$ cat structure_33.pdb   # PDB, C-alpha atoms
MODEL        1
ATOM      1  CA  MET A  41     -14.930  50.544  -6.984
ATOM      2  CA  ARG A  42     -11.634  50.088  -5.134
ATOM      3  CA  VAL A  43     -10.767  46.583  -3.959
ATOM      4  CA  HIS A  44      -9.344  46.474  -0.439
ATOM      5  CA  PHE A  45      -8.802  44.245   2.594
ATOM      6  CA  ASP A  46     -11.036  44.713   5.637
ATOM      7  CA  LEU A  47      -9.293  42.969   8.540
ATOM      8  CA  SER A  48     -12.219  43.700  10.897
ATOM      9  CA  ALA A  49     -14.101  40.914   9.059
ATOM     10  CA  LEU A  50     -11.885  38.409  10.918
ATOM     11  CA  ARG A  51     -13.306  39.575  14.250
ATOM     12  CA  LYS A  52     -16.905  39.360  13.013
ATOM     13  CA  THR A  53     -16.535  35.676  12.102
ATOM     14  CA  ARG A  54     -16.985  33.294  15.043
ATOM     15  CA  TRP A  55     -14.813  30.212  15.553
ATOM     16  CA  TYR A  56     -17.657  27.821  14.717
ATOM     17  CA  GLU A  57     -18.229  29.609  11.400
ATOM     18  CA  TYR A  58     -14.623  28.818  10.449
ATOM     19  CA  ALA A  59     -15.128  25.258  11.719
ATOM     20  CA  VAL A  60     -18.251  24.774   9.566
ATOM     21  CA  ARG A  61     -16.378  25.785   6.413
ATOM     22  CA  PHE A  62     -13.423  23.557   7.317
ATOM     23  CA  LEU A  63     -15.781  20.607   7.827
ATOM     24  CA  PHE A  64     -17.676  21.281   4.562
ATOM     25  CA  GLY A  65     -14.407  21.675   2.636
ATOM     26  CA  GLY A  66     -12.952  18.470   4.055
ATOM     27  CA  ALA A  67     -16.190  16.541   3.557
ATOM     28  CA  VAL A  68     -16.579  17.611  -0.096
ATOM     29  CA  THR A  69     -12.931  16.765  -0.837
ATOM     30  CA  ILE A  70     -13.444  13.269   0.595
ATOM     31  CA  ALA A  71     -16.789  12.895  -1.224
ATOM     32  CA  THR A  72     -15.191  13.910  -4.540
ATOM     33  CA  GLY A  73     -12.508  11.262  -4.096
ATOM     34  CA  LEU A  74     -15.063   8.591  -3.175
ATOM     35  CA  VAL A  75     -17.344   9.453  -6.119
ATOM     36  CA  ALA A  76     -14.355   9.229  -8.506
ATOM     37  CA  GLN A  77     -13.345   5.900  -6.930
ATOM     38  CA  HIS A  78     -16.823   4.383  -7.392
ATOM     39  CA  PHE A  79     -18.055   6.017 -10.617
ATOM     40  CA  GLY A  80     -14.782   6.916 -12.344
ATOM     41  CA  PRO A  81     -12.993  10.210 -13.084
ATOM     42  CA  VAL A  82     -15.630  11.507 -15.528
ATOM     43  CA  VAL A  83     -18.387  11.662 -12.889
ATOM     44  CA  GLY A  84     -15.958  12.450 -10.064
ATOM     45  CA  GLY A  85     -14.560  15.417 -11.978
ATOM     46  CA  LEU A  86     -17.961  17.134 -12.001
ATOM     47  CA  PHE A  87     -17.659  17.564  -8.238
ATOM     48  CA  LEU A  88     -14.380  19.488  -8.551
ATOM     49  CA  ALA A  89     -16.632  22.467  -9.332
ATOM     50  CA  PHE A  90     -19.309  21.707  -6.738
ATOM     51  CA  PRO A  91     -20.375  24.843  -4.799
ATOM     52  CA  ALA A  92     -19.025  23.231  -1.643
ATOM     53  CA  ILE A  93     -18.996  26.054   0.826
ATOM     54  CA  PHE A  94     -20.941  28.644  -1.138
ATOM     55  CA  PRO A  95     -24.231  28.185   0.808
ATOM     56  CA  ALA A  96     -22.344  28.546   4.117
ATOM     57  CA  SER A  97     -20.406  31.607   2.887
ATOM     58  CA  VAL A  98     -23.368  33.454   1.395
ATOM     59  CA  THR A  99     -25.451  32.776   4.523
ATOM     60  CA  LEU A 100     -22.650  34.253   6.638
ATOM     61  CA  VAL A 101     -22.436  37.332   4.404
ATOM     62  CA  ALA A 102     -26.177  37.905   4.848
ATOM     63  CA  LYS A 103     -26.003  37.272   8.605
ATOM     64  CA  HIS A 104     -23.121  39.698   9.149
ATOM     65  CA  GLU A 105     -24.809  42.379   7.059
ATOM     66  CA  ARG A 106     -28.106  41.974   8.956
ATOM     67  CA  GLU A 107     -26.294  42.161  12.329
ATOM     68  CA  LYS A 108     -24.447  45.300  11.217
ATOM     69  CA  LYS A 109     -27.692  47.043  10.249
ATOM     70  CA  GLN A 110     -29.515  45.871  13.371
ATOM     71  CA  LYS A 111     -26.751  47.358  15.531
ATOM     72  CA  ALA A 112     -27.448  50.658  13.765
ATOM     73  CA  GLY A 113     -31.145  50.324  14.683
ATOM     74  CA  MET A 114     -32.382  49.175  11.261
ATOM     75  CA  ASP A 115     -34.096  45.955  10.202
ATOM     76  CA  GLY A 116     -31.339  44.869   7.808
ATOM     77  CA  THR A 117     -33.250  42.016   6.121
ATOM     78  CA  ALA A 118     -33.408  43.630   2.689
ATOM     79  CA  ARG A 119     -29.789  44.767   2.947
ATOM     80  CA  ALA A 120     -28.725  41.229   3.910
ATOM     81  CA  LYS A 121     -30.392  39.825   0.779
ATOM     82  CA  LYS A 122     -28.736  42.476  -1.385
ATOM     83  CA  ALA A 123     -25.309  41.648   0.103
ATOM     84  CA  ALA A 124     -25.917  37.933  -0.490
ATOM     85  CA  ALA A 125     -26.992  38.639  -4.076
ATOM     86  CA  LEU A 126     -23.815  40.670  -4.690
ATOM     87  CA  ASP A 127     -21.733  37.797  -3.326
ATOM     88  CA  ALA A 128     -23.581  35.325  -5.579
ATOM     89  CA  ARG A 129     -23.112  37.609  -8.566
ATOM     90  CA  GLY A 130     -19.366  37.641  -7.866
ATOM     91  CA  ALA A 131     -19.421  33.849  -7.790
ATOM     92  CA  THR A 132     -21.221  33.829 -11.165
ATOM     93  CA  ILE A 133     -18.305  35.785 -12.621
ATOM     94  CA  GLY A 134     -15.829  33.501 -10.849
ATOM     95  CA  THR A 135     -17.243  30.466 -12.667
ATOM     96  CA  PHE A 136     -15.667  31.711 -15.939
ATOM     97  CA  GLY A 137     -12.286  31.645 -14.198
ATOM     98  CA  LEU A 138     -13.141  28.222 -12.811
ATOM     99  CA  ALA A 139     -13.808  26.917 -16.342
ATOM    100  CA  CYS A 140     -10.468  28.390 -17.516
ATOM    101  CA  PHE A 141      -8.723  26.641 -14.619
ATOM    102  CA  ALA A 142     -10.284  23.327 -15.667
ATOM    103  CA  ILE A 143      -9.448  23.749 -19.376
ATOM    104  CA  LEU A 144      -5.784  24.524 -18.660
ATOM    105  CA  VAL A 145      -5.397  21.576 -16.283
ATOM    106  CA  TRP A 146      -7.136  19.231 -18.750
ATOM    107  CA  LYS A 147      -4.975  20.294 -21.700
ATOM    108  CA  LEU A 148      -1.601  20.896 -20.036
ATOM    109  CA  LEU A 149      -1.405  18.340 -17.239
ATOM    110  CA  PRO A 150      -0.497  15.382 -19.495
ATOM    111  CA  ILE A 151       2.447  17.277 -21.032
ATOM    112  CA  TRP A 152       3.790  19.658 -18.345
ATOM    113  CA  ASN A 153       5.089  19.543 -14.800
ATOM    114  CA  TRP A 154       2.007  19.337 -12.532
ATOM    115  CA  MET A 155       3.126  22.058 -10.114
ATOM    116  CA  ALA A 156       3.639  24.469 -13.024
ATOM    117  CA  VAL A 157       0.227  23.563 -14.476
ATOM    118  CA  LEU A 158      -1.623  24.112 -11.194
ATOM    119  CA  SER A 159       0.201  27.430 -10.634
ATOM    120  CA  LEU A 160      -0.660  28.636 -14.137
ATOM    121  CA  ALA A 161      -4.251  27.436 -13.783
ATOM    122  CA  ILE A 162      -4.801  29.267 -10.481
ATOM    123  CA  LEU A 163      -3.289  32.400 -11.998
ATOM    124  CA  SER A 164      -5.627  32.104 -14.985
ATOM    125  CA  TRP A 165      -8.640  31.749 -12.638
ATOM    126  CA  LEU A 166      -7.604  34.949 -10.875
ATOM    127  CA  VAL A 167      -6.856  36.956 -14.040
ATOM    128  CA  VAL A 168     -10.029  35.877 -15.897
ATOM    129  CA  SER A 169     -12.271  36.426 -12.867
ATOM    130  CA  ILE A 170     -10.860  39.863 -12.042
ATOM    131  CA  SER A 171     -10.955  40.974 -15.703
ATOM    132  CA  ILE A 172     -14.645  40.044 -16.084
ATOM    133  CA  TRP A 173     -15.477  41.560 -12.686
ATOM    134  CA  LYS A 174     -13.854  44.851 -13.755
ATOM    135  CA  ALA A 175     -15.717  44.835 -17.063
ATOM    136  CA  GLU A 176     -19.019  44.178 -15.234
ATOM    137  CA  GLN A 177     -18.609  47.011 -12.753
ATOM    138  CA  HIS A 178     -21.003  49.343 -14.526
ATOM    139  CA  GLN A 179     -23.825  46.820 -14.765
ATOM    140  CA  PRO A 180     -26.483  47.416 -12.064
ATOM    141  CA  LEU A 181     -27.726  44.366 -10.152
TER     142      LEU A 181
ATOM    143  CA  MET B 243      -8.364   5.390   6.724
ATOM    144  CA  THR B 244      -5.261   7.601   6.871
ATOM    145  CA  PRO B 245      -5.513   8.798   3.224
ATOM    146  CA  LEU B 246      -9.136   9.810   3.896
ATOM    147  CA  ILE B 247      -8.150  11.821   6.971
ATOM    148  CA  PHE B 248      -5.296  13.407   5.040
ATOM    149  CA  ARG B 249      -7.695  14.287   2.195
ATOM    150  CA  PHE B 250     -10.178  15.725   4.703
ATOM    151  CA  VAL B 251      -7.537  17.910   6.380
ATOM    152  CA  VAL B 252      -6.014  19.155   3.096
ATOM    153  CA  GLY B 253      -9.480  19.907   1.657
ATOM    154  CA  GLY B 254     -10.597  21.664   4.828
ATOM    155  CA  ILE B 255      -7.467  23.834   4.962
ATOM    156  CA  VAL B 256      -7.499  24.849   1.258
ATOM    157  CA  VAL B 257     -11.241  25.608   1.240
ATOM    158  CA  SER B 258     -10.971  27.562   4.513
ATOM    159  CA  LEU B 259      -8.065  29.664   3.216
ATOM    160  CA  PHE B 260     -10.039  30.731   0.138
ATOM    161  CA  ALA B 261     -13.106  31.414   2.321
ATOM    162  CA  ILE B 262     -11.073  33.619   4.712
ATOM    163  CA  LEU B 263      -9.604  35.505   1.759
ATOM    164  CA  GLY B 264     -13.161  36.083   0.501
ATOM    165  CA  ASP B 265     -14.205  37.341   3.962
ATOM    166  CA  LEU B 266     -11.388  39.879   4.050
ATOM    167  CA  LEU B 267     -11.943  41.390   0.617
ATOM    168  CA  LYS B 268     -14.285  44.262  -0.160
ATOM    169  CA  PRO B 269     -16.478  45.089  -2.114
ATOM    170  CA  LYS B 270     -18.785  42.087  -1.738
ATOM    171  CA  SER B 271     -19.168  41.382  -5.451
ATOM    172  CA  PHE B 272     -15.355  41.063  -5.661
ATOM    173  CA  ALA B 273     -15.228  38.849  -2.574
ATOM    174  CA  GLY B 274     -17.865  36.698  -4.278
ATOM    175  CA  LEU B 275     -15.284  35.677  -6.895
ATOM    176  CA  PHE B 276     -13.730  33.551  -4.142
ATOM    177  CA  GLY B 277     -17.014  31.689  -3.747
ATOM    178  CA  ALA B 278     -16.171  30.105  -7.106
ATOM    179  CA  ALA B 279     -12.482  29.577  -6.362
ATOM    180  CA  PRO B 280     -11.075  26.206  -7.442
ATOM    181  CA  SER B 281     -10.426  25.293  -3.806
ATOM    182  CA  VAL B 282     -11.787  21.725  -3.863
ATOM    183  CA  ALA B 283     -10.083  21.184  -7.232
ATOM    184  CA  LEU B 284      -6.703  22.364  -5.918
ATOM    185  CA  ALA B 285      -6.911  20.064  -2.915
ATOM    186  CA  THR B 286      -8.209  17.106  -4.927
ATOM    187  CA  ILE B 287      -6.126  17.324  -8.113
ATOM    188  CA  GLY B 288      -2.816  17.455  -6.238
ATOM    189  CA  LEU B 289      -3.741  14.353  -4.238
ATOM    190  CA  THR B 290      -5.162  12.581  -7.313
ATOM    191  CA  ILE B 291      -1.934  13.144  -9.273
ATOM    192  CA  LEU B 292       0.045  11.544  -6.444
ATOM    193  CA  THR B 293      -2.258   8.517  -6.163
ATOM    194  CA  ASP B 294      -3.695   7.925  -9.676
ATOM    195  CA  GLY B 295      -1.408   9.851 -12.027
ATOM    196  CA  LYS B 296      -1.617  12.896 -14.272
ATOM    197  CA  LEU B 297      -3.830  11.396 -16.999
ATOM    198  CA  TYR B 298      -6.503  10.428 -14.486
ATOM    199  CA  ALA B 299      -6.453  13.957 -13.011
ATOM    200  CA  ALA B 300      -6.637  15.474 -16.517
ATOM    201  CA  GLN B 301      -9.725  13.368 -17.225
ATOM    202  CA  GLU B 302     -11.315  14.688 -14.013
ATOM    203  CA  SER B 303     -10.473  18.255 -15.079
ATOM    204  CA  ARG B 304     -12.311  17.779 -18.375
ATOM    205  CA  SER B 305     -15.473  16.975 -16.426
ATOM    206  CA  MET B 306     -14.791  19.923 -14.171
ATOM    207  CA  ILE B 307     -15.597  22.224 -17.133
ATOM    208  CA  ALA B 308     -19.169  20.853 -17.054
ATOM    209  CA  GLY B 309     -19.177  21.287 -13.274
ATOM    210  CA  ALA B 310     -18.156  24.952 -13.715
ATOM    211  CA  ALA B 311     -20.989  25.492 -16.225
ATOM    212  CA  ALA B 312     -23.386  23.977 -13.676
ATOM    213  CA  PHE B 313     -21.940  26.313 -11.017
ATOM    214  CA  PHE B 314     -22.732  29.239 -13.357
ATOM    215  CA  LEU B 315     -26.352  28.043 -13.613
ATOM    216  CA  TYR B 316     -26.437  27.546  -9.831
ATOM    217  CA  SER B 317     -25.265  31.066  -8.989
ATOM    218  CA  CYS B 318     -27.535  32.709 -11.621
ATOM    219  CA  VAL B 319     -30.561  30.961 -10.097
ATOM    220  CA  CYS B 320     -29.353  31.940  -6.619
ATOM    221  CA  VAL B 321     -29.089  35.640  -7.596
ATOM    222  CA  ARG B 322     -32.563  35.534  -9.155
ATOM    223  CA  LEU B 323     -34.140  33.933  -6.073
ATOM    224  CA  LEU B 324     -32.502  36.547  -3.836
ATOM    225  CA  VAL B 325     -33.251  39.625  -5.952
ATOM    226  CA  ARG B 326     -36.551  38.872  -7.676
ATOM    227  CA  HIS B 327     -38.194  36.483  -5.243
ATOM    228  CA  GLN B 328     -36.657  37.815  -1.999
ATOM    229  CA  TRP B 329     -35.775  34.368  -0.655
ATOM    230  CA  SER B 330     -33.441  34.189   2.338
ATOM    231  CA  ALA B 331     -29.753  33.586   1.573
ATOM    232  CA  MET B 332     -29.711  30.145   3.174
ATOM    233  CA  VAL B 333     -32.883  28.861   1.453
ATOM    234  CA  ALA B 334     -31.894  30.306  -1.958
ATOM    235  CA  SER B 335     -28.334  28.939  -1.852
ATOM    236  CA  VAL B 336     -29.363  25.466  -0.658
ATOM    237  CA  PHE B 337     -32.361  25.174  -3.021
ATOM    238  CA  SER B 338     -30.194  26.239  -5.982
ATOM    239  CA  LEU B 339     -27.942  23.216  -5.392
ATOM    240  CA  SER B 340     -30.628  21.223  -7.220
ATOM    241  CA  MET B 341     -29.822  23.366 -10.290
ATOM    242  CA  TRP B 342     -26.155  22.412  -9.995
ATOM    243  CA  PHE B 343     -27.074  18.721 -10.078
ATOM    244  CA  VAL B 344     -29.434  19.268 -13.044
ATOM    245  CA  GLY B 345     -26.755  21.218 -14.954
ATOM    246  CA  ALA B 346     -23.814  18.949 -14.105
ATOM    247  CA  PHE B 347     -25.545  15.631 -14.764
ATOM    248  CA  GLY B 348     -27.413  17.061 -17.753
ATOM    249  CA  LEU B 349     -24.083  17.964 -19.365
ATOM    250  CA  TRP B 350     -22.597  14.635 -18.315
ATOM    251  CA  PHE B 351     -25.496  12.823 -20.029
ATOM    252  CA  LEU B 352     -25.385  15.000 -23.192
ATOM    253  CA  VAL B 353     -21.623  15.479 -23.640
ATOM    254  CA  LEU B 354     -19.440  13.388 -21.384
ATOM    255  CA  LYS B 355     -21.216  10.002 -21.064
TER     256      LYS B 355
ENDMDL
END
$ encode --input "structure_33.pdb" --output "structure tokens"
Amino acid sequence: MRVHFDLSALRKTRWYEYAVRFLFGGAVTIATGLVAQHFGPVVGGLFLAFPAIFPASVTLVAKHEREKKQKAGMDGTARAKKAAALDARGATIGTFGLACFAILVWKLLPIWNWMAVLSLAILSWLVVSISIWKAEQHQPL
Amino acid sequence: MTPLIFRFVVGGIVVSLFAILGDLLKPKSFAGLFGAAPSVALATIGLTILTDGKLYAAQESRSMIAGAAAFFLYSCVCVRLLVRHQWSAMVASVFSLSMWFVGAFGLWFLVLK
């Protein structure tokens, strides 16, 4: 399956849907800092991989899919769940990249320049995630 | 108060950028990769390095591996609830958060404590 950008998705998303994700993102970032401050970096670090905005994102995916089908005169409920499941399956694959990101930062941060470490770690997340996604393409949901 | 506001704004911007990127990409399973993007980590680690130093941030990143494993458990449960049990996206994704807490704190208790 070919990966591509669909700019029409920007028009489908309402301003308050962007606002909700901004608020969730900001709130989780603050919460992570506060947890680390009170319980130390070991507990605080767990929340660096908290599915902060995933519930909001997957709900939006389902909502947009249902609206699209309803405009075409169909119910769209089953299709919305399938779209949400595909999104969640993608996130499952992305967690391997997330773990790679964490391992690289843990091992390299004490000895390398931090900007270089974060750049390499984000690249590793992308490469690992895309590689596993490509390998999984022939697995039916 | 100012560092909290700064943290809130940086976190909100980074998380939103990854979310928008996920919105724009097709197919959906590929866009889903961005649901597990290290957005909170990117926002937090940079700020933590500046305030608490690199060693502190590295220690947080070690725990993040357990958090990522818990995220894996979370999303697997979410997929199962959506596909097998036909739960709605909102209910499945919010309910599955309990699995993240079980996985993350279970690993913390067994490995990191």
$ residues_near_point --input "structure_33.pdb" --point "(-30.7, 25.6, -7.5)" --cutoff "10 Å" --atoms "all atoms listed in the file" --output "PDB file with C-alpha atoms, keeping the file's coordinate frame"
ATOM      1  CA  ALA B 312     -23.386  23.977 -13.676  1.00  0.00           C
ATOM      2  CA  PHE B 313     -21.940  26.313 -11.017  1.00  0.00           C
ATOM      3  CA  LEU B 315     -26.352  28.043 -13.613  1.00  0.00           C
ATOM      4  CA  TYR B 316     -26.437  27.546  -9.831  1.00  0.00           C
ATOM      5  CA  SER B 317     -25.265  31.066  -8.989  1.00  0.00           C
ATOM      6  CA  CYS B 318     -27.535  32.709 -11.621  1.00  0.00           C
ATOM      7  CA  VAL B 319     -30.561  30.961 -10.097  1.00  0.00           C
ATOM      8  CA  CYS B 320     -29.353  31.940  -6.619  1.00  0.00           C
ATOM      9  CA  LEU B 323     -34.140  33.933  -6.073  1.00  0.00           C
ATOM     10  CA  VAL B 333     -32.883  28.861   1.453  1.00  0.00           C
ATOM     11  CA  ALA B 334     -31.894  30.306  -1.958  1.00  0.00           C
ATOM     12  CA  SER B 335     -28.334  28.939  -1.852  1.00  0.00           C
ATOM     13  CA  VAL B 336     -29.363  25.466  -0.658  1.00  0.00           C
ATOM     14  CA  PHE B 337     -32.361  25.174  -3.021  1.00  0.00           C
ATOM     15  CA  SER B 338     -30.194  26.239  -5.982  1.00  0.00           C
ATOM     16  CA  LEU B 339     -27.942  23.216  -5.392  1.00  0.00           C
ATOM     17  CA  SER B 340     -30.628  21.223  -7.220  1.00  0.00           C
ATOM     18  CA  MET B 341     -29.822  23.366 -10.290  1.00  0.00           C
ATOM     19  CA  TRP B 342     -26.155  22.412  -9.995  1.00  0.00           C
ATOM     20  CA  PHE B 343     -27.074  18.721 -10.078  1.00  0.00           C
ATOM     21  CA  VAL B 344     -29.434  19.268 -13.044  1.00  0.00           C
ATOM     22  CA  GLY B 345     -26.755  21.218 -14.954  1.00  0.00           C
TER      23      GLY B 345
END
$ interface_residues --input "structure_33.pdb" --of "chain B" --to "chain A" --cutoff "7 Å" --atoms "only C-alpha atoms" --output "ChimeraX atom specification"
/B:246,249-251,253-255,257-258,265-280,282-283,286,296-298,300-310,313-314,317-318,320-321,324-325,330-332,335-336,346
$ atom_distance --input "structure_33.pdb" --atom1 "atom CA of B:Pro245" --atom2 "atom CA of B:Leu292"
11.5 Å
$ atom_distance --input "structure_33.pdb" --atom1 "atom CA of B:Ile247" --atom2 "atom CA of A:Trp55"
21.4 Å
$ atom_distance --input "structure_33.pdb" --atom1 "atom CA of B:Thr293" --atom2 "atom CA of A:Ser164"
25.4 Å
$ axis_aligned_box --input "structure_33.pdb" --around "stretch 68-80 of chain A" --padding-each-side "3 Å" --output "lines of an AutoDock Vina configuration file"
center_x = -15.3
center_y = 11.0
center_z = -5.9
size_x = 11.5
size_y = 19.2
size_z = 18.9
$ decode --input "structure_33.pdb" --residues "stretch 253-316 of chain B" --atoms "C-alpha atoms" --output "mmCIF file, in the first residue's frame"
data_model
loop_
_atom_site.group_PDB
_atom_site.id
_atom_site.type_symbol
_atom_site.label_atom_id
_atom_site.label_comp_id
_atom_site.auth_asym_id
_atom_site.auth_seq_id
_atom_site.Cartn_x
_atom_site.Cartn_y
_atom_site.Cartn_z
ATOM 1 C CA GLY B 253 4.219 19.798 25.165
ATOM 2 C CA GLY B 254 1.029 20.973 23.482
ATOM 3 C CA ILE B 255 2.871 22.123 20.350
ATOM 4 C CA VAL B 256 5.031 18.974 19.952
ATOM 5 C CA VAL B 257 2.114 16.590 20.576
ATOM 6 C CA SER B 258 -0.145 18.561 18.207
ATOM 7 C CA LEU B 259 2.460 18.528 15.421
ATOM 8 C CA PHE B 260 2.763 14.733 15.572
ATOM 9 C CA ALA B 261 -1.047 14.417 15.713
ATOM 10 C CA ILE B 262 -1.475 16.638 12.615
ATOM 11 C CA LEU B 263 1.162 14.614 10.773
ATOM 12 C CA GLY B 264 -0.790 11.460 11.676
ATOM 13 C CA ASP B 265 -4.019 13.062 10.388
ATOM 14 C CA LEU B 266 -2.449 13.877 7.033
ATOM 15 C CA LEU B 267 -0.944 10.470 6.323
ATOM 16 C CA LYS B 268 -2.724 7.603 4.606
ATOM 17 C CA PRO B 269 -3.260 4.613 4.896
ATOM 18 C CA LYS B 270 -4.660 4.590 8.433
ATOM 19 C CA SER B 271 -2.436 1.807 9.750
ATOM 20 C CA PHE B 272 0.598 3.913 8.727
ATOM 21 C CA ALA B 273 -0.873 7.050 10.288
ATOM 22 C CA GLY B 274 -1.346 4.989 13.452
ATOM 23 C CA LEU B 275 2.443 4.815 13.857
ATOM 24 C CA PHE B 276 2.233 8.478 14.880
ATOM 25 C CA GLY B 277 -0.121 7.537 17.706
ATOM 26 C CA ALA B 278 2.954 6.008 19.352
ATOM 27 C CA ALA B 279 5.323 8.833 18.429
ATOM 28 C CA PRO B 280 7.690 9.936 21.202
ATOM 29 C CA SER B 281 6.014 13.349 21.299
ATOM 30 C CA VAL B 282 5.700 13.724 25.087
ATOM 31 C CA ALA B 283 9.229 12.326 25.465
ATOM 32 C CA LEU B 284 10.684 14.838 22.992
ATOM 33 C CA ALA B 285 9.033 17.750 24.763
ATOM 34 C CA THR B 286 9.906 16.483 28.244
ATOM 35 C CA ILE B 287 13.459 15.185 27.760
ATOM 36 C CA GLY B 288 14.698 18.429 26.202
ATOM 37 C CA LEU B 289 13.305 20.447 29.111
ATOM 38 C CA THR B 290 14.545 17.913 31.690
ATOM 39 C CA ILE B 291 18.101 18.073 30.308
ATOM 40 C CA LEU B 292 18.060 21.860 30.684
ATOM 41 C CA THR B 293 16.727 21.776 34.257
ATOM 42 C CA ASP B 294 18.018 18.510 35.813
ATOM 43 C CA GLY B 295 20.870 17.390 33.560
ATOM 44 C CA LYS B 296 21.587 14.565 31.138
ATOM 45 C CA LEU B 297 21.965 11.754 33.696
ATOM 46 C CA TYR B 298 18.543 12.460 35.178
ATOM 47 C CA ALA B 299 16.980 12.426 31.687
ATOM 48 C CA ALA B 300 18.807 9.173 30.850
ATOM 49 C CA GLN B 301 17.352 7.591 33.990
ATOM 50 C CA GLU B 302 13.864 8.675 32.873
ATOM 51 C CA SER B 303 14.511 7.161 29.430
ATOM 52 C CA ARG B 304 15.342 3.793 30.990
ATOM 53 C CA SER B 305 11.888 3.741 32.574
ATOM 54 C CA MET B 306 10.402 4.847 29.285
ATOM 55 C CA ILE B 307 11.272 1.392 27.865
ATOM 56 C CA ALA B 308 8.816 -0.114 30.384
ATOM 57 C CA GLY B 309 6.307 2.588 29.447
ATOM 58 C CA ALA B 310 6.668 1.614 25.760
ATOM 59 C CA ALA B 311 6.066 -2.062 26.620
ATOM 60 C CA ALA B 312 2.929 -0.992 28.504
ATOM 61 C CA PHE B 313 1.868 1.055 25.455
ATOM 62 C CA PHE B 314 2.234 -2.132 23.363
ATOM 63 C CA LEU B 315 -0.076 -3.976 25.785
ATOM 64 C CA TYR B 316 -2.471 -1.005 25.735
#
